[in-house]
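Engineer: Starting off with a structure, shown below.
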Amino acid sequence: MMKKIAKLLFATIATLMISGCGMSNLNYDNKQLTLQVEKEYLQLDGTLLNQRRDNFSSLYLTQKVLRLDEGNLVVYEDARTDSLYEFEPMITRSIQVIFETKGVIKVYGKSHLYAYQLIMKDGSILNMIAQQGDSQRLKFVYGMSTAQLNKMLKELDPDANAAYYKKVITLKDESHAIFSKWDVQKVHFVPLVVPLPRMIAM
């Protein structure tokens with residue numbers, strides 16, 4: 001019983017910490033990719049080229065391939081759990097599992113919006129911005145050049161550090177743009193998502 005109570009308290013505190021410490025957002029809607037860190041906003045025009053949806057029973061995934069006005073491709077992914085589930089690992093670990101990376105370099109983090117350089121299995125580097133506003137939703141956009149990533153971060157936060165690696169993966173073919181590797185094994189057996197703690201009757 002004490003173990004269950006401790007788990008419930010930990011989950012409640014973690015949710016409050018995620019939702020209460022500063023505001024951020026990452027979203028694609030109406031041909032605009034929007035990023036927010038606290039009071040700073042950045043909007044990038046982008047055309048939707050391709051879209052995929054997957055249902056893993058306890059998790060719903062939308063993947064969108066976009067062409068930004070600058071001419072390059074990026075991928076926007078939005079993963080939401082069922083209302084009775086939540087993501088189990090911290091955001092960095094989740095990304096490492098989803099992309100099967102050799103390593104993850106955290107470039108920036110503020111108010112639950114993060115920038116990463118992912119080291120893929122072949123040693124190549126993939127740039128990403130990710131956001132997790134609560135324990136039931138994870139969003140990210142990837143495929144930017146390092147110059148583009150650094151420019152985006154500086155517009156959101158003048159104090160943001162610059163990403164180090166310049167030679168990175170750029171997306172050229174919309175049919176091969178998606179690098180994430182979601183599957184049932186990862187979602188249910190790693191697991192990426194777990195049931196929410198049940199309320200304990202008093």
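Each chain in the structure tokens gets a letter, A, B, ..., in the order shown, and its residues are numbered from 1; ligands are numbered from 1 in order too.
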Tell me which protein, DNA and RNA residues are within 12 Å of A:Ser124, counting only C-alpha atoms, leaving out same-chain ones fewer than 4 positions away, and put them as a PDB file with N, CA and C atoms, in the first residue's frame.
Structural biologist:
ATOM      1  N   THR A 101      18.841   5.752 -31.432  1.00  0.00           N
ATOM      2  CA  THR A 101      20.082   6.504 -31.581  1.00  0.00           C
ATOM      3  C   THR A 101      21.230   5.858 -30.816  1.00  0.00           C
ATOM      4  N   LYS A 102      22.428   6.231 -31.219  1.00  0.00           N
ATOM      5  CA  LYS A 102      23.630   5.824 -30.497  1.00  0.00           C
ATOM      6  C   LYS A 102      23.890   6.779 -29.334  1.00  0.00           C
ATOM      7  N   GLY A 103      23.395   8.001 -29.467  1.00  0.00           N
ATOM      8  CA  GLY A 103      23.575   9.004 -28.425  1.00  0.00           C
ATOM      9  C   GLY A 103      22.691  10.211 -28.693  1.00  0.00           C
ATOM     10  N   VAL A 104      22.477  11.022 -27.653  1.00  0.00           N
ATOM     11  CA  VAL A 104      21.650  12.226 -27.768  1.00  0.00           C
ATOM     12  C   VAL A 104      22.391  13.375 -27.095  1.00  0.00           C
ATOM     13  N   GLN A 117      20.826  17.246 -30.805  1.00  0.00           N
ATOM     14  CA  GLN A 117      21.500  16.673 -31.967  1.00  0.00           C
ATOM     15  C   GLN A 117      21.578  15.172 -31.698  1.00  0.00           C
ATOM     16  N   LEU A 118      20.859  14.398 -32.497  1.00  0.00           N
ATOM     17  CA  LEU A 118      20.807  12.951 -32.320  1.00  0.00           C
ATOM     18  C   LEU A 118      21.949  12.297 -33.088  1.00  0.00           C
ATOM     19  N   ILE A 119      22.679  11.435 -32.417  1.00  0.00           N
ATOM     20  CA  ILE A 119      23.737  10.676 -33.075  1.00  0.00           C
ATOM     21  C   ILE A 119      23.135   9.342 -33.500  1.00  0.00           C
ATOM     22  N   MET A 120      22.945   9.166 -34.805  1.00  0.00           N
ATOM     23  CA  MET A 120      22.317   7.963 -35.313  1.00  0.00           C
ATOM     24  C   MET A 120      23.307   6.800 -35.299  1.00  0.00           C
ATOM     25  N   TYR A 165      27.605  20.449 -34.018  1.00  0.00           N
ATOM     26  CA  TYR A 165      27.885  19.745 -35.277  1.00  0.00           C
ATOM     27  C   TYR A 165      27.184  20.422 -36.451  1.00  0.00           C
ATOM     28  N   LYS A 166      27.951  20.738 -37.486  1.00  0.00           N
ATOM     29  CA  LYS A 166      27.423  21.445 -38.655  1.00  0.00           C
ATOM     30  C   LYS A 166      27.024  20.490 -39.781  1.00  0.00           C
ATOM     31  N   LYS A 167      27.726  19.377 -39.900  1.00  0.00           N
ATOM     32  CA  LYS A 167      27.417  18.406 -40.954  1.00  0.00           C
ATOM     33  C   LYS A 167      26.334  17.475 -40.432  1.00  0.00           C
ATOM     34  N   VAL A 168      25.107  17.688 -40.906  1.00  0.00           N
ATOM     35  CA  VAL A 168      23.957  16.959 -40.364  1.00  0.00           C
ATOM     36  C   VAL A 168      23.086  16.427 -41.501  1.00  0.00           C
ATOM     37  N   ILE A 169      22.137  15.571 -41.117  1.00  0.00           N
ATOM     38  CA  ILE A 169      21.186  15.022 -42.084  1.00  0.00           C
ATOM     39  C   ILE A 169      20.223  16.120 -42.534  1.00  0.00           C
ATOM     40  N   THR A 170      20.070  16.266 -43.834  1.00  0.00           N
ATOM     41  CA  THR A 170      19.038  17.147 -44.382  1.00  0.00           C
ATOM     42  C   THR A 170      18.092  16.278 -45.211  1.00  0.00           C
TER      43      THR A 170
END
Engineer: Show which residues sit within 9 Å of stretch 45-59 of chain A, as an MDAnalysis selection string. Count only C-alpha atoms, and ignore same-chain residues fewer than 2 positions away.
Structural biologist: chainID A and resid 28 30:34 43 61:70 73 79:86 174:175 183:184 187:188 193:195
Engineer: Write the residues you've just listed into a file as a CSV table (one decimal), in the first residue's frame, and include N, CA and C atoms for each of them.
Structural biologist:
chain,number,residue,atom,x,y,z
A,28,TYR,N,1.9,22.4,-35.4
A,28,TYR,CA,1.8,22.8,-36.8
A,28,TYR,C,0.3,22.8,-37.1
A,30,ASN,N,-2.7,25.1,-39.9
A,30,ASN,CA,-3.0,26.2,-40.8
A,30,ASN,C,-1.7,26.6,-41.6
A,31,LYS,N,-0.9,25.7,-42.0
A,31,LYS,CA,0.3,25.9,-42.8
A,31,LYS,C,1.3,26.7,-42.0
A,32,GLN,N,1.3,26.7,-40.7
A,32,GLN,CA,2.3,27.4,-39.9
A,32,GLN,C,2.8,26.5,-38.8
A,33,LEU,N,4.2,26.4,-38.7
A,33,LEU,CA,4.8,25.7,-37.6
A,33,LEU,C,5.1,26.8,-36.6
A,34,THR,N,4.6,26.6,-35.4
A,34,THR,CA,4.7,27.5,-34.3
A,34,THR,C,5.5,27.0,-33.2
A,43,GLN,N,7.1,31.8,-35.7
A,43,GLN,CA,6.2,31.1,-36.7
A,43,GLN,C,6.9,31.0,-38.0
A,61,LEU,N,-0.5,8.5,-33.1
A,61,LEU,CA,0.6,9.2,-33.7
A,61,LEU,C,0.2,9.9,-35.0
A,62,THR,N,0.6,11.1,-35.2
A,62,THR,CA,0.5,11.8,-36.4
A,62,THR,C,1.9,12.3,-36.9
A,63,GLN,N,2.2,12.0,-38.1
A,63,GLN,CA,3.5,12.4,-38.7
A,63,GLN,C,3.2,13.2,-40.0
A,64,LYS,N,3.8,14.4,-40.0
A,64,LYS,CA,3.6,15.3,-41.2
A,64,LYS,C,4.9,15.7,-41.8
A,65,VAL,N,5.1,15.6,-43.1
A,65,VAL,CA,6.3,16.0,-43.8
A,65,VAL,C,5.9,17.4,-44.4
A,66,LEU,N,6.7,18.4,-44.0
A,66,LEU,CA,6.5,19.8,-44.4
A,66,LEU,C,7.6,20.3,-45.2
A,67,ARG,N,7.3,21.2,-46.1
A,67,ARG,CA,8.3,22.0,-46.8
A,67,ARG,C,8.2,23.5,-46.3
A,68,LEU,N,9.2,23.9,-45.6
A,68,LEU,CA,9.2,25.3,-45.1
A,68,LEU,C,9.5,26.2,-46.3
A,69,ASP,N,9.1,27.5,-46.1
A,69,ASP,CA,9.3,28.5,-47.1
A,69,ASP,C,10.8,28.7,-47.5
A,70,GLU,N,11.7,28.3,-46.6
A,70,GLU,CA,13.1,28.4,-46.9
A,70,GLU,C,13.5,27.3,-47.9
A,73,LEU,N,12.9,20.4,-46.3
A,73,LEU,CA,11.9,19.6,-45.7
A,73,LEU,C,12.2,19.4,-44.2
A,79,ALA,N,2.6,12.9,-30.8
A,79,ALA,CA,2.2,11.6,-30.2
A,79,ALA,C,1.4,11.9,-29.0
A,80,ARG,N,0.2,11.3,-28.9
A,80,ARG,CA,-0.6,11.5,-27.7
A,80,ARG,C,-1.0,10.1,-27.2
A,81,THR,N,-1.0,10.0,-25.9
A,81,THR,CA,-1.4,8.7,-25.2
A,81,THR,C,-2.9,8.8,-25.1
A,82,ASP,N,-3.5,7.6,-24.9
A,82,ASP,CA,-4.9,7.5,-24.4
A,82,ASP,C,-5.0,8.2,-23.1
A,83,SER,N,-6.2,8.6,-22.7
A,83,SER,CA,-6.4,9.3,-21.5
A,83,SER,C,-6.0,8.5,-20.2
A,84,LEU,N,-6.0,7.2,-20.3
A,84,LEU,CA,-5.6,6.4,-19.2
A,84,LEU,C,-4.1,6.0,-19.1
A,85,TYR,N,-3.3,6.6,-20.0
A,85,TYR,CA,-1.9,6.3,-20.1
A,85,TYR,C,-1.1,7.5,-20.1
A,86,GLU,N,0.2,7.4,-19.9
A,86,GLU,CA,1.2,8.5,-20.0
A,86,GLU,C,2.5,7.9,-20.4
A,174,GLU,N,10.6,13.4,-49.8
A,174,GLU,CA,9.5,13.4,-48.8
A,174,GLU,C,9.1,11.9,-48.5
A,175,SER,N,9.3,11.0,-49.4
A,175,SER,CA,8.9,9.6,-49.2
A,175,SER,C,9.9,8.9,-48.3
A,183,ASP,N,6.9,1.4,-33.0
A,183,ASP,CA,6.3,0.1,-33.2
A,183,ASP,C,5.7,-0.3,-31.9
A,184,VAL,N,4.9,-1.4,-32.0
A,184,VAL,CA,4.2,-2.0,-30.8
A,184,VAL,C,5.2,-2.4,-29.7
A,187,VAL,N,6.3,0.8,-27.9
A,187,VAL,CA,5.2,1.5,-27.1
A,187,VAL,C,4.8,0.7,-25.9
A,188,HIS,N,4.6,-0.7,-26.0
A,188,HIS,CA,4.0,-1.5,-25.0
A,188,HIS,C,5.0,-2.3,-24.1
A,193,VAL,N,4.9,3.9,-23.0
A,193,VAL,CA,3.7,4.4,-22.2
A,193,VAL,C,3.3,3.4,-21.2
A,194,VAL,N,2.8,3.9,-20.1
A,194,VAL,CA,2.3,3.0,-19.0
A,194,VAL,C,1.0,3.5,-18.5
A,195,PRO,N,0.2,2.7,-17.9
A,195,PRO,CA,-1.1,3.2,-17.3
A,195,PRO,C,-0.9,4.3,-16.3
Engineer: Using only C-alpha atoms, which residues sit within 10 Å of A:Tyr116 once same-chain residues fewer than 6 positions away are excluded, as a list in words?
Structural biologist: Thr92, Ile95, Val104, Ile105, Lys106, Val107, Tyr108, Gly109, Ile125, Leu126, Asn127, Met128, Ile129, Ala130, Tyr142, Leu149 and Ala163 of chain A
Engineer: From the options A:Leu44, A:Ala162, A:Val74, A:Ile178, which residue's atoms come nearest to A:Phe99, counting only C-alpha atoms?
Structural biologist: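 Residue with the minimum atom-to-atom distance to A:Phe99: A:Ile178.
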Engineer: What residues in stretch 16-202 of chain A get the DSSP label alpha helix (DSSP H)? Please answer as a list in words.
Structural biologist: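 Filtering stretch 16-202 of chain A to alpha helix (DSSP H) leaves Leu16, Met17, Ile18, Ser19, Gly20, Ile91, Thr92, Arg93, Ser94, Ile95, Gln96, Val97, Ile98, Phe99, Thr146, Ala147, Gln148, Leu149, Asn150, Lys151, Met152, Leu153, Lys154, Glu155, Leu156 and Val184 of chain A.
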Engineer: Rank A:Gln131, A:Asn72, A:Gln36, A:Thr146 by their smallest atom-to-atom distance to A:Ala177, using only C-alpha atoms, and report the top residue only.
Structural biologist: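 For A:Ala177, the nearest of the given residues is A:Asn72.
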Engineer: Check the DSSP output for the backbone and give back, as a PyMOL selection string, the residues of stretch 13-200 of chain A in strand (DSSP E or B).
Structural biologist: chain A and resi 24-29+32-37+40-55+59-68+73-81+85-87+103-110+113-119+125-134+137-142+171+193-195
Engineer: Between atom CA of A:Pro89 and atom CA of A:Arg198, what is the distance in Å, rounded to a tenth?
Structural biologist: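 Spanning atom CA of A:Pro89 to atom CA of A:Arg198 is a straight-line distance of 18.6 Å.
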Engineer: Please provide the set of residues having any atom within 6 Å of A:Ile98, restricted to only C-alpha atoms, with same-chain residues fewer than 6 positions apart removed, written as a PDB file with N, CA and C atoms, in the first residue's frame.
Structural biologist:
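Below is the file part27.pdb, written as the result:
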ATOM      1  N   SER A 180      11.834   8.412 -37.450  1.00  0.00           N
ATOM      2  CA  SER A 180      11.412   7.752 -36.219  1.00  0.00           C
ATOM      3  C   SER A 180      11.002   6.314 -36.518  1.00  0.00           C
ATOM      4  N   LYS A 181      11.109   5.458 -35.502  1.00  0.00           N
ATOM      5  CA  LYS A 181      10.835   4.037 -35.676  1.00  0.00           C
ATOM      6  C   LYS A 181       9.873   3.562 -34.582  1.00  0.00           C
ATOM      7  N   TRP A 182       8.660   4.083 -34.631  1.00  0.00           N
ATOM      8  CA  TRP A 182       7.626   3.663 -33.691  1.00  0.00           C
ATOM      9  C   TRP A 182       7.167   2.248 -34.023  1.00  0.00           C
TER      10      TRP A 182
END
Engineer: Between atom CA of A:Leu138 and atom CA of A:Phe179, what is the distance, to one decimal in Å?
Structural biologist: 15.8 Å
Engineer: So how many Å separate atom CA of A:Gln185 and atom CA of A:Met144, to one decimal?
Structural biologist: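 Separation of atom CA of A:Gln185 and atom CA of A:Met144: 28.6 Å.
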